[in-house]
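Undergrad: This one is start-v2.txt, compact mmCIF, C-alpha atoms and all ligand atoms.
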# COMPACT_ATOMS: atom_id res chain seq x y z
CA MET A 165 9.86 -22.76 -5.56
CA ALA A 166 10.92 -20.41 -8.33
CA SER A 167 8.92 -17.24 -8.66
CA PRO A 168 6.12 -17.51 -11.21
CA ALA A 169 6.70 -13.94 -12.32
CA GLY A 170 10.36 -14.12 -13.36
CA PRO A 171 13.30 -12.16 -11.95
CA GLU A 172 12.62 -8.95 -13.89
CA ILE A 173 9.07 -8.65 -12.62
CA GLU A 174 10.06 -9.71 -9.09
CA ARG A 175 12.68 -6.93 -9.08
CA LEU A 176 10.03 -4.45 -10.22
CA ILE A 177 7.70 -5.65 -7.45
CA ARG A 178 10.43 -5.26 -4.80
CA LEU A 179 11.19 -1.70 -5.92
CA LEU A 180 7.51 -0.73 -6.14
CA ALA A 181 6.99 -2.06 -2.60
CA ARG A 182 9.45 0.58 -1.35
CA LEU A 183 7.13 3.39 -2.45
CA PRO A 184 5.11 4.95 0.37
CA GLY A 185 1.52 3.72 0.16
CA LEU A 186 2.32 0.42 -1.58
CA GLY A 187 2.83 -2.75 0.46
CA PRO A 188 4.17 -6.05 -0.94
CA ARG A 189 0.74 -7.22 -2.09
CA SER A 190 -0.34 -3.95 -3.69
CA ALA A 191 3.11 -3.68 -5.32
CA ARG A 192 2.41 -7.06 -6.95
CA ARG A 193 -0.95 -5.84 -8.25
CA ALA A 194 0.66 -2.62 -9.48
CA ALA A 195 3.36 -4.61 -11.31
CA LEU A 196 0.73 -6.76 -12.97
CA ALA A 197 -1.25 -3.67 -14.02
CA LEU A 198 1.96 -2.34 -15.55
CA VAL A 199 2.69 -5.58 -17.43
CA LYS A 200 -0.86 -5.66 -18.76
CA ARG A 201 -0.75 -2.03 -19.87
CA ARG A 202 2.74 -1.89 -21.33
CA GLU A 203 2.00 0.69 -24.02
CA SER A 204 -0.38 2.91 -22.11
CA LEU A 205 1.19 2.86 -18.64
CA LEU A 206 4.46 0.94 -18.19
CA SER A 207 6.48 2.58 -20.99
CA PRO A 208 5.22 6.11 -20.24
CA LEU A 209 5.96 5.65 -16.54
CA ALA A 210 9.46 4.31 -17.23
CA GLU A 211 10.09 7.34 -19.46
CA ALA A 212 8.63 9.79 -16.95
CA MET A 213 10.86 8.36 -14.22
CA ALA A 214 13.94 8.47 -16.42
CA GLU A 215 13.15 12.08 -17.33
CA VAL A 216 12.64 13.12 -13.72
CA SER A 217 15.81 11.27 -12.79
CA ASP A 218 17.74 13.06 -15.55
CA ARG A 219 16.28 16.53 -15.21
CA VAL A 220 15.07 17.22 -11.68
CA ARG A 221 17.61 18.75 -9.34
CA ILE A 222 17.53 20.14 -5.82
CA CYS A 223 17.57 23.97 -5.85
CA SER A 224 20.86 25.18 -4.37
CA VAL A 225 19.11 28.24 -2.93
CA CYS A 226 16.01 26.85 -1.20
CA GLY A 227 16.15 23.04 -1.42
CA ASN A 228 13.05 22.68 -3.65
CA ALA A 229 13.01 19.97 -6.34
CA ASP A 230 12.76 21.41 -9.86
CA THR A 231 14.24 21.16 -13.35
CA SER A 232 16.00 24.51 -12.99
CA ASP A 233 18.50 25.70 -10.37
CA PRO A 234 17.58 28.16 -8.91
CA CYS A 235 14.07 26.74 -8.96
CA ALA A 236 11.07 28.49 -10.54
CA ILE A 237 9.95 29.79 -7.14
CA CYS A 238 13.36 31.29 -6.30
CA ALA A 239 13.53 32.79 -9.82
CA ASP A 240 10.01 34.29 -9.62
CA SER A 241 10.51 38.05 -9.13
CA THR A 242 6.79 38.61 -8.47
CA ARG A 243 7.03 36.86 -5.13
CA ASP A 244 7.49 38.72 -1.88
CA ALA A 245 11.20 38.28 -1.18
CA SER A 246 10.87 39.78 2.28
CA ILE A 247 9.05 36.70 3.58
CA LEU A 248 10.83 33.37 3.91
CA VAL A 249 8.76 30.26 4.71
CA VAL A 250 10.78 27.55 6.45
CA VAL A 251 9.53 24.01 5.81
CA ALA A 252 10.89 20.63 6.81
CA ASP A 253 10.42 18.96 3.46
CA VAL A 254 9.67 19.53 -0.22
CA SER A 255 6.28 17.86 0.34
CA ASP A 256 5.37 20.68 2.75
CA LEU A 257 6.42 23.27 0.17
CA TRP A 258 4.22 21.54 -2.42
CA ALA A 259 1.29 21.43 0.00
CA LEU A 260 1.55 25.18 0.73
CA GLU A 261 1.88 25.98 -2.99
CA ARG A 262 -1.11 23.80 -3.88
CA ALA A 263 -3.12 25.69 -1.27
CA GLY A 264 -1.90 29.00 -2.69
CA ALA A 265 -1.34 29.87 0.95
CA VAL A 266 1.47 32.40 0.52
CA GLN A 267 3.34 34.03 -2.38
CA ALA A 268 6.78 34.10 -0.84
CA ARG A 269 10.09 32.26 -0.93
CA TYR A 270 10.84 29.00 0.86
CA HIS A 271 13.66 27.36 2.74
CA VAL A 272 13.59 23.57 2.87
CA LEU A 273 15.41 22.18 5.90
CA GLY A 274 15.50 18.59 4.67
CA GLY A 275 13.97 17.29 7.91
CA VAL A 276 13.56 18.34 11.53
CA LEU A 277 15.76 17.98 14.59
CA SER A 278 15.13 14.66 16.31
CA ALA A 279 16.85 13.19 19.34
CA LEU A 280 15.15 9.87 18.64
CA ASP A 281 16.23 9.69 15.00
CA GLY A 282 19.61 11.26 15.69
CA VAL A 283 19.01 14.29 13.46
CA ARG A 284 21.32 17.11 14.57
CA PRO A 285 21.51 20.77 13.40
CA GLU A 286 24.44 19.96 11.11
CA ASP A 287 22.27 17.35 9.35
CA LEU A 288 19.83 20.04 8.22
CA ASN A 289 20.06 22.95 5.77
CA LEU A 290 20.47 25.44 8.66
CA PRO A 291 23.74 27.36 8.05
CA ASN A 292 22.38 28.44 4.68
CA LEU A 293 19.17 29.63 6.36
CA ARG A 294 21.01 32.08 8.60
CA ALA A 295 22.99 33.36 5.62
CA ARG A 296 19.83 33.88 3.57
CA VAL A 297 18.02 35.71 6.35
CA ALA A 298 21.07 37.90 7.06
CA ASP A 299 21.78 38.80 3.44
CA ASP A 300 18.58 38.77 1.45
CA GLY A 301 16.46 41.56 2.88
CA VAL A 302 14.19 39.07 4.62
CA ARG A 303 11.92 40.77 7.14
CA GLU A 304 9.81 37.84 8.25
CA VAL A 305 10.57 34.15 8.69
CA ILE A 306 7.46 31.95 8.85
CA LEU A 307 8.20 28.66 10.57
CA ALA A 308 5.80 26.32 8.74
CA LEU A 309 6.77 23.20 10.67
CA ASN A 310 4.75 20.23 11.84
CA ALA A 311 3.01 20.64 15.20
CA THR A 312 4.96 17.69 16.53
CA VAL A 313 7.58 17.60 19.30
CA ASP A 314 10.40 17.46 16.74
CA GLY A 315 8.82 20.22 14.64
CA GLN A 316 8.49 22.51 17.63
CA THR A 317 12.01 21.67 18.86
CA THR A 318 13.25 22.70 15.43
CA ALA A 319 11.17 25.91 15.57
CA HIS A 320 12.76 26.82 18.93
CA TYR A 321 16.23 26.05 17.61
CA ILE A 322 15.71 28.33 14.57
CA THR A 323 14.29 31.10 16.76
CA SER A 324 17.49 31.03 18.84
CA LEU A 325 19.64 30.79 15.71
CA LEU A 326 18.11 33.96 14.25
CA ALA A 327 17.59 35.83 17.54
CA ASP A 328 20.25 38.48 16.85
CA LEU A 329 18.98 39.28 13.34
CA PRO A 330 16.46 42.11 12.77
CA VAL A 331 13.72 39.81 11.56
CA ARG A 332 10.23 38.91 12.69
CA ILE A 333 9.80 35.22 13.34
CA THR A 334 6.29 33.82 13.10
CA ARG A 335 4.73 30.39 13.31
CA LEU A 336 1.61 28.87 11.76
CA ALA A 337 -1.65 29.42 13.63
CA HIS A 338 -2.95 26.54 15.68
CA GLY A 339 -5.24 25.49 12.88
CA VAL A 340 -2.71 22.70 12.40
CA PRO A 341 -3.92 19.75 14.50
CA VAL A 342 -1.55 18.81 17.29
CA GLY A 343 0.53 15.86 16.11
CA GLY A 344 -0.67 16.34 12.54
CA GLU A 345 1.42 16.61 9.42
CA LEU A 346 1.10 19.51 6.97
CA ASP A 347 1.06 17.30 3.93
CA TYR A 348 -2.29 15.75 4.93
CA LEU A 349 -4.19 18.97 5.55
CA ASP A 350 -6.80 20.48 3.26
CA ASP A 351 -6.12 23.76 1.45
CA GLY A 352 -8.49 25.80 3.63
CA THR A 353 -6.81 24.75 6.86
CA LEU A 354 -3.39 25.47 5.43
CA THR A 355 -4.45 28.90 4.19
CA ALA A 356 -6.07 29.76 7.56
CA ALA A 357 -2.94 28.63 9.36
CA ILE A 358 -0.84 30.96 7.21
CA ARG A 359 -3.26 33.90 7.66
CA GLN A 360 -3.47 33.53 11.44
CA ARG A 361 0.25 33.10 11.95
CA GLY A 362 1.52 34.59 15.21
CA ASP A 363 4.82 35.80 16.60
CA VAL A 364 7.00 33.17 18.25
CA MET B 66 -1.41 28.89 -10.39
CA ALA B 67 1.42 26.92 -11.96
CA SER B 68 2.23 23.63 -10.35
CA PRO B 69 4.98 23.91 -7.73
CA ALA B 70 6.42 20.59 -8.82
CA GLY B 71 7.07 21.28 -12.51
CA PRO B 72 5.58 19.47 -15.53
CA GLU B 73 7.93 16.47 -15.40
CA ILE B 74 7.05 15.65 -11.79
CA GLU B 75 3.34 16.38 -12.37
CA ARG B 76 3.38 13.92 -15.29
CA LEU B 77 5.04 11.33 -13.06
CA ILE B 78 2.39 11.93 -10.37
CA ARG B 79 -0.45 11.53 -12.90
CA LEU B 80 0.97 8.23 -14.17
CA LEU B 81 1.65 6.90 -10.66
CA ALA B 82 -1.94 7.74 -9.68
CA ARG B 83 -3.13 5.25 -12.32
CA LEU B 84 -1.52 2.35 -10.45
CA PRO B 85 -3.97 0.28 -8.41
CA GLY B 86 -3.53 1.12 -4.74
CA LEU B 87 -2.23 4.66 -5.28
CA GLY B 88 -4.65 7.61 -5.24
CA PRO B 89 -3.75 11.17 -6.28
CA ARG B 90 -2.42 12.09 -2.85
CA SER B 91 -0.36 8.95 -2.30
CA ALA B 92 0.95 9.24 -5.89
CA ARG B 93 2.26 12.68 -4.92
CA ARG B 94 3.99 11.27 -1.86
CA ALA B 95 5.41 8.43 -3.93
CA ALA B 96 6.75 10.90 -6.53
CA LEU B 97 8.41 12.92 -3.81
CA ALA B 98 9.97 9.79 -2.31
CA LEU B 99 11.33 9.01 -5.77
CA VAL B 100 12.76 12.51 -6.27
CA LYS B 101 14.41 12.38 -2.86
CA ARG B 102 15.89 8.94 -3.48
CA ARG B 103 17.00 9.34 -7.06
CA GLU B 104 20.01 7.06 -6.89
CA SER B 105 18.60 4.36 -4.62
CA LEU B 106 15.01 4.16 -5.88
CA LEU B 107 14.05 6.35 -8.85
CA SER B 108 16.79 5.29 -11.28
CA PRO B 109 16.56 1.56 -10.39
CA LEU B 110 12.77 1.67 -10.76
CA ALA B 111 12.97 3.46 -14.13
CA GLU B 112 15.45 0.80 -15.29
CA ALA B 113 13.38 -2.09 -13.93
CA MET B 114 10.30 -0.76 -15.73
CA ALA B 115 12.18 -0.27 -18.98
CA GLU B 116 13.56 -3.81 -18.70
CA VAL B 117 10.15 -5.33 -18.02
CA SER B 118 8.71 -3.26 -20.86
CA ASP B 119 11.45 -4.49 -23.22
CA ARG B 120 11.62 -8.11 -22.16
CA VAL B 121 8.33 -9.32 -20.73
CA ARG B 122 5.92 -10.80 -23.24
CA ILE B 123 2.58 -12.58 -23.01
CA CYS B 124 3.02 -16.35 -23.51
CA SER B 125 1.37 -17.35 -26.79
CA VAL B 126 0.43 -20.73 -25.33
CA CYS B 127 -1.12 -19.91 -21.94
CA GLY B 128 -1.32 -16.12 -21.63
CA ASN B 129 1.14 -15.85 -18.71
CA ALA B 130 3.54 -12.88 -18.56
CA ASP B 131 7.19 -13.93 -18.80
CA THR B 132 10.47 -13.11 -20.53
CA SER B 133 10.29 -16.24 -22.65
CA ASP B 134 7.58 -17.44 -25.04
CA PRO B 135 6.47 -20.13 -24.34
CA CYS B 136 6.73 -19.11 -20.68
CA ALA B 137 8.78 -20.98 -18.07
CA ILE B 138 5.68 -22.80 -16.83
CA CYS B 139 4.66 -23.99 -20.30
CA ALA B 140 8.28 -25.06 -20.97
CA ASP B 141 8.59 -26.93 -17.65
CA SER B 142 8.48 -30.64 -18.57
CA THR B 143 8.25 -31.72 -14.90
CA ARG B 144 4.74 -30.33 -14.65
CA ASP B 145 1.66 -32.49 -15.06
CA ALA B 146 0.57 -31.74 -18.61
CA SER B 147 -2.67 -33.66 -18.16
CA ILE B 148 -4.09 -30.97 -15.87
CA LEU B 149 -4.96 -27.53 -17.17
CA VAL B 150 -5.87 -24.82 -14.68
CA VAL B 151 -8.09 -22.11 -16.19
CA VAL B 152 -7.72 -18.69 -14.56
CA ALA B 153 -9.21 -15.31 -15.41
CA ASP B 154 -6.05 -13.33 -15.00
CA VAL B 155 -2.27 -13.54 -14.67
CA SER B 156 -2.65 -12.34 -11.07
CA ASP B 157 -4.63 -15.51 -10.30
CA LEU B 158 -1.91 -17.65 -11.89
CA TRP B 159 0.68 -15.88 -9.73
CA ALA B 160 -1.43 -16.39 -6.61
CA LEU B 161 -1.77 -20.15 -7.27
CA GLU B 162 1.96 -20.45 -8.02
CA ARG B 163 2.90 -18.53 -4.87
CA ALA B 164 0.73 -20.92 -2.89
CA GLY B 165 2.36 -23.88 -4.63
CA ALA B 166 -1.22 -25.11 -4.97
CA VAL B 167 -0.78 -27.23 -8.10
CA GLN B 168 2.08 -28.31 -10.40
CA ALA B 169 0.21 -28.15 -13.68
CA ARG B 170 -0.23 -25.94 -16.73
CA TYR B 171 -2.42 -22.86 -16.92
CA HIS B 172 -4.73 -21.15 -19.33
CA VAL B 173 -5.27 -17.43 -18.79
CA LEU B 174 -8.60 -16.20 -20.15
CA GLY B 175 -7.78 -12.52 -19.89
CA GLY B 176 -10.96 -11.80 -17.94
CA VAL B 177 -14.39 -13.31 -17.32
CA LEU B 178 -17.68 -13.06 -19.19
CA SER B 179 -19.69 -10.08 -18.00
CA ALA B 180 -23.01 -8.78 -19.24
CA LEU B 181 -22.49 -5.62 -17.22
CA ASP B 182 -19.02 -4.87 -18.57
CA GLY B 183 -19.89 -6.13 -22.06
CA VAL B 184 -17.30 -8.92 -22.04
CA ARG B 185 -18.33 -11.61 -24.57
CA PRO B 186 -16.78 -15.01 -25.31
CA GLU B 187 -14.91 -13.61 -28.32
CA ASP B 188 -13.22 -11.08 -26.01
CA LEU B 189 -11.57 -13.88 -24.03
CA ASN B 190 -8.86 -16.42 -24.85
CA LEU B 191 -11.49 -19.17 -25.32
CA PRO B 192 -11.01 -20.63 -28.84
CA ASN B 193 -7.42 -21.43 -27.94
CA LEU B 194 -8.64 -23.18 -24.74
CA ARG B 195 -10.77 -25.65 -26.68
CA ALA B 196 -7.90 -26.35 -29.07
CA ARG B 197 -5.49 -26.96 -26.18
CA VAL B 198 -7.85 -29.32 -24.38
CA ALA B 199 -8.63 -31.21 -27.59
CA ASP B 200 -5.02 -31.58 -28.73
CA ASP B 201 -2.74 -31.67 -25.73
CA GLY B 202 -3.64 -34.85 -23.87
CA VAL B 203 -5.39 -32.86 -21.16
CA ARG B 204 -7.47 -35.11 -18.90
CA GLU B 205 -8.65 -32.57 -16.34
CA VAL B 206 -9.57 -28.91 -16.60
CA ILE B 207 -9.66 -27.12 -13.25
CA LEU B 208 -11.79 -23.99 -13.41
CA ALA B 209 -9.99 -21.74 -10.91
CA LEU B 210 -12.33 -18.79 -11.31
CA ASN B 211 -13.61 -16.23 -8.84
CA ALA B 212 -16.72 -17.24 -6.86
CA THR B 213 -18.55 -14.24 -8.31
CA VAL B 214 -21.54 -14.19 -10.64
CA ASP B 215 -19.32 -13.43 -13.63
CA GLY B 216 -16.78 -16.07 -12.61
CA GLN B 217 -19.46 -18.73 -12.31
CA THR B 218 -21.13 -17.65 -15.57
CA THR B 219 -17.76 -18.13 -17.22
CA ALA B 220 -17.34 -21.54 -15.57
CA HIS B 221 -20.72 -22.66 -16.95
CA TYR B 222 -19.84 -21.37 -20.40
CA ILE B 223 -16.55 -23.29 -20.43
CA THR B 224 -18.25 -26.44 -19.16
CA SER B 225 -20.63 -26.26 -22.15
CA LEU B 226 -17.80 -25.40 -24.52
CA LEU B 227 -15.86 -28.53 -23.53
CA ALA B 228 -18.85 -30.81 -22.95
CA ASP B 229 -18.15 -33.03 -25.97
CA LEU B 230 -14.49 -33.54 -25.13
CA PRO B 231 -13.36 -36.58 -23.05
CA VAL B 232 -12.12 -34.46 -20.18
CA ARG B 233 -12.98 -34.14 -16.50
CA ILE B 234 -13.98 -30.60 -15.55
CA THR B 235 -13.55 -29.60 -11.92
CA ARG B 236 -13.97 -26.42 -9.93
CA LEU B 237 -12.29 -25.09 -6.81
CA ALA B 238 -13.75 -26.23 -3.51
CA HIS B 239 -15.94 -23.78 -1.65
CA GLY B 240 -13.02 -22.71 0.48
CA VAL B 241 -13.11 -19.62 -1.70
CA PRO B 242 -15.36 -17.10 0.05
CA VAL B 243 -18.46 -16.23 -1.94
CA GLY B 244 -17.85 -12.93 -3.72
CA GLY B 245 -14.15 -13.09 -2.89
CA GLU B 246 -11.23 -12.76 -5.28
CA LEU B 247 -8.47 -15.36 -5.55
CA ASP B 248 -5.70 -12.82 -5.50
CA TYR B 249 -6.51 -11.78 -1.92
CA LEU B 250 -6.61 -15.27 -0.38
CA ASP B 251 -3.93 -16.78 1.82
CA ASP B 252 -1.86 -19.72 0.58
CA GLY B 253 -3.56 -22.27 2.85
CA THR B 254 -7.03 -21.42 1.60
CA LEU B 255 -5.87 -21.58 -2.00
CA THR B 256 -4.18 -24.95 -1.48
CA ALA B 257 -7.24 -26.37 0.29
CA ALA B 258 -9.47 -25.12 -2.50
CA ILE B 259 -7.30 -26.94 -5.05
CA ARG B 260 -7.18 -30.17 -2.95
CA GLN B 261 -10.93 -30.26 -2.41
CA ARG B 262 -11.84 -29.49 -6.00
CA GLY B 263 -15.03 -31.19 -7.17
CA ASP B 264 -16.62 -32.21 -10.46
CA VAL B 265 -18.76 -29.57 -12.13
ZN ZN A 401 14.63 27.40 -4.98
ZN ZN A 402 2.81 -20.20 -20.94
Give the structure from the file, written as structure tokens.
TA:
Amino acid sequence: MASPAGPEIERLIRLLARLPGLGPRSARRAALALVKRRESLLSPLAEAMAEVSDRVRICSVCGNADTSDPCAICADSTRDASILVVVADVSDLWALERAGAVQARYHVLGGVLSALDGVRPEDLNLPNLRARVADDGVREVILALNATVDGQTTAHYITSLLADLPVRITRLAHGVPVGGELDYLDDGTLTAAIRQRGDV
Amino acid sequence: MASPAGPEIERLIRLLARLPGLGPRSARRAALALVKRRESLLSPLAEAMAEVSDRVRICSVCGNADTSDPCAICADSTRDASILVVVADVSDLWALERAGAVQARYHVLGGVLSALDGVRPEDLNLPNLRARVADDGVREVILALNATVDGQTTAHYITSLLADLPVRITRLAHGVPVGGELDYLDDGTLTAAIRQRGDV
């Protein structure tokens, strides 16, 4: 049977269903909500997506997503440049910034090492990390990585990678639940985890 | 504190959060997924939305959403024009079509009567319904409305509205769970509810 919704809407539904948090059925409801609110929701969302697609770039210094390169965080001279916070993903950077947990610079790895998923050191933004720590007057590297096996494997790898550099390497306090992901934590837990960070 | 994500991405997050099924936090994750997959997801989705926004219209005959007006269902001469299925919303039409429950025409009310929400007969696509039933050789009107108080109030109203016309008025069988919504039912239940429809 032909789709009742037409190929354009079916294509929209298929693409919406690829968003995290939306399954096939909720994507269908979302598409219908968009069709019904063309002026107030569909057109603005299409424009917002086109604008983000046109304007947002990945910062060549830290890996953050922003409209400027270097990003606003890298360009912010009021931040403590002696502290570098290493995160797996931009979502972790956003979570720490939302919490106001630390006024420092970041380094986004673009993932974590994973034997299971076949993620190797050369797949991550690691060479650049060593260069930044060696050159930029960084005195402390905070490893703000998930408390998962892969996160901790990555933390150990980075500790070895930077072992010969005169830099303090710290990790988040164990306020982060074992197996938990940063992005889901509340601001207070994130801030406590930054405050109680310990040496690796 | 300024947003870490920049105004363009924050705007995208706010708009995504207005989609049914996405809260503020999942909208943020969805936005990040879009930024990270600009070529494979963000750009195609922006284009799909723009295309739907440009091309999809509400059918002036039945109220369905389609790229043509009259819609493909209204223009389909193989369908039984003597049966008119009245639904509250386009999502209900889609659900019945997905189930392949009936090969007939539809009439989308654009909602149901509701004292609580202040929805009155003049707020719905009701005058046009009477005209269609009177003029179009319709012999049966199937009231495919939710088994909720408002749905059944609407069914009674329509039954009165069409009482003087020589037409059989039926309702869905009680396969529809009391208080349940059509859009969430499986295809088998929907088909059974159409097959076992009874006179009002
Ligand atoms: Zn940056
Ligand atoms: Zn139509």
Undergrad: I want to know what sits within 9 Å of range 232-236 of chain A, based on only C-alpha atoms, with residues of the same chain fewer than 6 positions away left out; could you give that as an MDAnalysis selection string?
TA: (chainID A and resid 219:226) or (chainID B and resid 69 71)
Undergrad: Could the residues in this selection be written to a file with C-alpha atoms, as a PDB file, keeping the file's coordinate frame?
TA:
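File produced: again-v7.pdb:
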ATOM      1  CA  ARG A 219      16.280  16.530 -15.210  1.00  0.00           C
ATOM      2  CA  VAL A 220      15.070  17.220 -11.680  1.00  0.00           C
ATOM      3  CA  ARG A 221      17.610  18.750  -9.340  1.00  0.00           C
ATOM      4  CA  ILE A 222      17.530  20.140  -5.820  1.00  0.00           C
ATOM      5  CA  CYS A 223      17.570  23.970  -5.850  1.00  0.00           C
ATOM      6  CA  SER A 224      20.860  25.180  -4.370  1.00  0.00           C
ATOM      7  CA  VAL A 225      19.110  28.240  -2.930  1.00  0.00           C
ATOM      8  CA  CYS A 226      16.010  26.850  -1.200  1.00  0.00           C
TER       9      CYS A 226
ATOM     10  CA  PRO B  69       4.980  23.910  -7.730  1.00  0.00           C
ATOM     11  CA  GLY B  71       7.070  21.280 -12.510  1.00  0.00           C
TER      12      GLY B  71
END
Undergrad: Each residue of range 189-283 of chain A with at least one atom at most 9 Å from range 87-99 of chain B should appear once, together with its nearest atom pair and the corresponding distance in Å (one decimal); atoms considered: only C-alpha atoms; ordering: chain, then increasing residue number; output as a tab-separated table.
TA:
residue	atom	partner	partner_atom	distance
A:Ser190	CA	B:Leu87	CA	9.0
A:Ala194	CA	B:Leu87	CA	8.9
A:Met213	CA	B:Leu99	CA	8.5
A:Ser217	CA	B:Leu99	CA	8.6
A:Ala229	CA	B:Leu97	CA	8.8
A:Val254	CA	B:Leu97	CA	7.6
A:Ser255	CA	B:Leu97	CA	6.8
Undergrad: Tell me, as number ranges by chain, which residues lie within 6 Å of range 264-274 of chain A, counting only C-alpha atoms; anything in the same chain fewer than 2 positions away does not count.
TA: A: 226-227, 243-244, 247-253, 260-262, 288-289, 355
Undergrad: Take the selection from the previous step and output its residues with C-alpha atoms, as a CSV table (one decimal), keeping the file's coordinate frame.
TA:
chain,number,residue,atom,x,y,z
A,226,CYS,CA,16.0,26.8,-1.2
A,227,GLY,CA,16.2,23.0,-1.4
A,243,ARG,CA,7.0,36.9,-5.1
A,244,ASP,CA,7.5,38.7,-1.9
A,247,ILE,CA,9.0,36.7,3.6
A,248,LEU,CA,10.8,33.4,3.9
A,249,VAL,CA,8.8,30.3,4.7
A,250,VAL,CA,10.8,27.6,6.4
A,251,VAL,CA,9.5,24.0,5.8
A,252,ALA,CA,10.9,20.6,6.8
A,253,ASP,CA,10.4,19.0,3.5
A,260,LEU,CA,1.6,25.2,0.7
A,261,GLU,CA,1.9,26.0,-3.0
A,262,ARG,CA,-1.1,23.8,-3.9
A,288,LEU,CA,19.8,20.0,8.2
A,289,ASN,CA,20.1,23.0,5.8
A,355,THR,CA,-4.4,28.9,4.2
Undergrad: With distances taken over all atoms listed in the file, which of A:Arg284, A:Lys200, A:Arg175, A:Arg296 is nearest to Glu116 in chain B?
TA: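 Among A:Arg284, A:Lys200, A:Arg175, A:Arg296, it is A:Arg175 that comes nearest to Glu116 in chain B.
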Undergrad: Measure the distance from CA of Ala279 in chain A to CA of Thr317 in chain A in Å and round it to one decimal.
TA: 9.8 Å
Undergrad: To one decimal place, how far is CA of Arg335 in chain A from CA of Ser241 in chain A in Å?
TA: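 We find that CA of Arg335 in chain A and CA of Ser241 in chain A lie 24.4 Å from each other.
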Undergrad: For ligand ZN 402 (chain A), which of B:Thr132, B:Leu226, B:Thr213, B:Ile78 is the closest residue, counting only C-alpha atoms and all ligand atoms?
TA: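 That would be B:Thr132, the residue with the smallest distance to ligand ZN 402 (chain A).
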Undergrad: Can you sort out the box for range 232-244 of chain A, edges along x, y and z, all listed atoms in, 3 Å on every side, with centre and edge lengths in Å to one decimal, as JSON?
TA:
{"center_x": 12.6, "center_y": 31.6, "center_z": -7.4, "size_x": 17.7, "size_y": 20.2, "size_z": 17.1}
Undergrad: CA of Leu205 in chain A and CA of Asp230 in chain A are how many Å apart?
TA: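 Computed distance, CA of Leu205 in chain A to CA of Asp230 in chain A, equals 23.6 Å.
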Undergrad: Extract, using only C-alpha atoms, all DNA, RNA and protein residues at most 8 Å from range 208-212 of chain A, discarding same-chain residues fewer than 3 positions from it, and format them as a count of residues only.
TA: 16
Undergrad: Tell me, as a PyMOL selection string, which residues lie within 9 Å of range 344-349 of chain A, counting all atoms listed in the file; anything in the same chain fewer than 2 positions away does not count.
TA: (chain A and resi 255-260+308-312+340-342+351-354) or (chain B and resi 90+94)
